[in-house]
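Enquirer: What follows is the file target.tsv, containing TSV, C-alpha atoms:
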```tsv
chain	number	residue	atom	x	y	z
Y	297	MET	CA	86.03	83.82	94.46
Y	298	LEU	CA	87.51	85.49	91.46
Y	299	ASP	CA	89.73	83.33	89.24
Y	300	GLY	CA	90.16	80.88	92.11
Y	301	PHE	CA	91.18	83.50	94.69
Y	302	VAL	CA	89.11	84.72	97.64
Y	303	VAL	CA	88.04	88.36	97.33
Y	304	ASP	CA	88.49	90.24	100.61
Y	305	VAL	CA	87.28	93.67	101.71
Y	306	GLY	CA	90.07	96.12	100.93
Y	307	ASN	CA	91.31	94.27	97.83
Y	308	ASN	CA	91.73	96.40	94.72
Y	309	LEU	CA	89.97	95.17	91.58
Y	310	TYR	CA	89.88	96.45	88.01
Y	311	ASP	CA	86.72	97.04	85.97
Y	312	LEU	CA	87.52	96.48	82.30
Y	313	LEU	CA	84.68	98.68	81.01
Y	314	LEU	CA	85.38	101.57	83.38
Y	315	ASN	CA	89.15	101.19	82.86
Y	316	GLN	CA	89.55	101.89	86.57
Y	317	MET	CA	90.70	100.25	89.80
Y	318	GLY	CA	88.39	100.25	92.78
Y	319	SER	CA	88.39	99.03	96.37
Y	320	VAL	CA	86.23	96.11	97.55
Y	321	THR	CA	83.82	97.29	100.25
Y	322	ALA	CA	81.80	94.07	100.64
Y	323	SER	CA	82.34	90.49	99.53
Y	324	SER	CA	80.45	87.22	99.71
Y	325	PRO	CA	80.62	84.04	97.61
Y	326	THR	CA	77.85	85.38	95.37
Y	327	GLN	CA	78.54	89.15	95.23
Y	328	VAL	CA	81.37	91.67	95.28
Y	329	THR	CA	80.81	95.40	95.84
Y	330	VAL	CA	83.50	97.79	94.61
Y	331	ASP	CA	83.85	101.52	95.30
Y	332	PHE	CA	85.47	103.46	92.44
Y	333	GLY	CA	85.24	106.84	94.17
Y	334	ALA	CA	83.20	109.90	93.24
Y	335	GLY	CA	80.05	108.09	94.38
Y	336	ARG	CA	80.42	105.23	91.88
Y	337	VAL	CA	79.78	101.93	93.69
Y	338	LEU	CA	78.97	98.78	91.71
Y	339	THR	CA	77.94	95.29	92.81
Y	340	TYR	CA	79.08	92.36	90.65
Y	341	SER	CA	78.30	88.67	90.78
Y	342	GLY	CA	80.83	86.48	92.57
Y	343	ASN	CA	82.60	85.71	89.28
Y	344	GLY	CA	83.10	89.39	88.41
Y	345	ALA	CA	80.19	89.76	86.01
Y	346	LEU	CA	77.76	92.66	85.77
Y	347	SER	CA	74.63	92.24	83.64
Y	348	GLY	CA	75.94	88.87	82.49
Y	349	ARG	CA	79.31	90.17	81.21
Y	350	ARG	CA	82.66	89.61	82.94
Y	351	ARG	CA	84.10	93.01	83.85
Y	352	LEU	CA	86.02	92.56	87.10
Y	353	TYR	CA	89.66	91.42	87.21
Y	354	TRP	CA	92.60	91.56	89.65
Y	355	SER	CA	94.44	93.86	87.22
Y	356	ASN	CA	93.96	95.17	83.70
Y	357	PRO	CA	93.95	91.97	81.60
Y	358	VAL	CA	94.94	93.82	78.43
Y	359	LEU	CA	98.75	93.81	78.30
Y	360	THR	CA	99.12	95.20	74.82
Y	361	LEU	CA	96.92	95.85	71.83
Y	362	PRO	CA	97.32	93.49	68.89
Y	363	GLN	CA	98.34	94.98	65.57
Y	364	LYS	CA	96.56	94.14	62.34
Y	365	ALA	CA	97.80	90.83	60.89
Y	366	ASP	CA	100.69	90.66	63.38
Y	367	PRO	CA	102.60	87.41	62.73
Y	368	GLN	CA	104.23	87.63	66.18
Y	369	TRP	CA	100.96	87.78	68.13
Y	370	THR	CA	100.80	84.00	68.58
Y	371	GLN	CA	104.42	84.00	69.74
Y	372	LEU	CA	103.69	86.75	72.28
Y	373	GLN	CA	100.76	84.75	73.64
Y	374	ALA	CA	103.00	81.66	73.96
Y	375	VAL	CA	105.61	83.65	75.91
Y	376	VAL	CA	102.98	84.99	78.32
Y	377	ASP	CA	101.55	81.47	78.81
Y	378	ALA	CA	105.05	80.10	79.53
Y	379	ILE	CA	105.72	82.80	82.12
Y	380	ARG	CA	102.39	82.13	83.83
Y	381	ALA	CA	103.08	78.38	83.88
Y	382	ASN	CA	106.40	78.93	85.72
Y	383	PRO	CA	105.86	81.64	88.35
```
Once more with this new file: its structure as structure tokens, please.
Expert:
Amino acid sequence: MLDGFVVDVGNNLYDLLLNQMGSVTASSPTQVTVDFGAGRVLTYSGNGALSGRRRLYWSNPVLTLPQKADPQWTQLQAVVDAIRANP
């Protein structure tokens, strides 16, 4: 399971380090294998980690890049949290 959701073969997942979506080719409670094309196939732990670092997400988790000393950053985070709390 990834973030509380079952990972099924055929799901598309995003690798944060590769900055690329891939297709799940195998899934079990302890491992997820993702094919990114061009011969690049990676196997992650069930929680989306590779070599102890979380890399796998349902979509790109970076919505926008923070600006230096941005006073509105906290407000932006609060808006996103409010939207997520009320789907």
Enquirer: What does the structure give for the distance between atom CA of Asp304 of chain Y and atom CA of Val330 of chain Y, in Å to one decimal?
Expert: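 Separation of atom CA of Asp304 of chain Y and atom CA of Val330 of chain Y: 10.9 Å.
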Enquirer: If we count all atoms listed in the file, what is near segment 351-363 of chain Y at a cut-off of 10 Å, once residues fewer than 5 positions away on the same chain are taken out, given as a count of residues only?
Expert: 29
Enquirer: I'd like the interatomic distance between atom CA of Asn382 of chain Y and atom CA of Pro367 of chain Y, to a tenth of an Å.
Expert: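 Computing the Euclidean distance for atom CA of Asn382 of chain Y and atom CA of Pro367 of chain Y yields 24.8 Å.
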Enquirer: Return the single residue from Y:Pro383, Y:Met297, Y:Arg349, Y:Lys364 that is closest to Gln327 of chain Y, with distances computed using all atoms listed in the file.
Expert: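 Using all atoms listed in the file, Gln327 of chain Y sits closest to Y:Met297.
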Enquirer: Between atom CA of Ala334 of chain Y and atom CA of Gly306 of chain Y, what distance in Å does the model show, to one decimal?
Expert: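 Between atom CA of Ala334 of chain Y and atom CA of Gly306 of chain Y the gap is 17.2 Å.
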Enquirer: Out of Y:Val337, Y:Val375, Y:Ala365, Y:Val302, which residue has the shortest atom-to-atom distance to Ser324 of chain Y when counting all atoms listed in the file?
Expert: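 Under the stated criterion, the closest residue is Y:Val302.
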Enquirer: With only C-alpha atoms as the atoms that count, which of Y:Ala374, Y:Thr321, Y:Val305, Y:Asp366 lies nearest to Gly333 of chain Y?
Expert: Y:Thr321
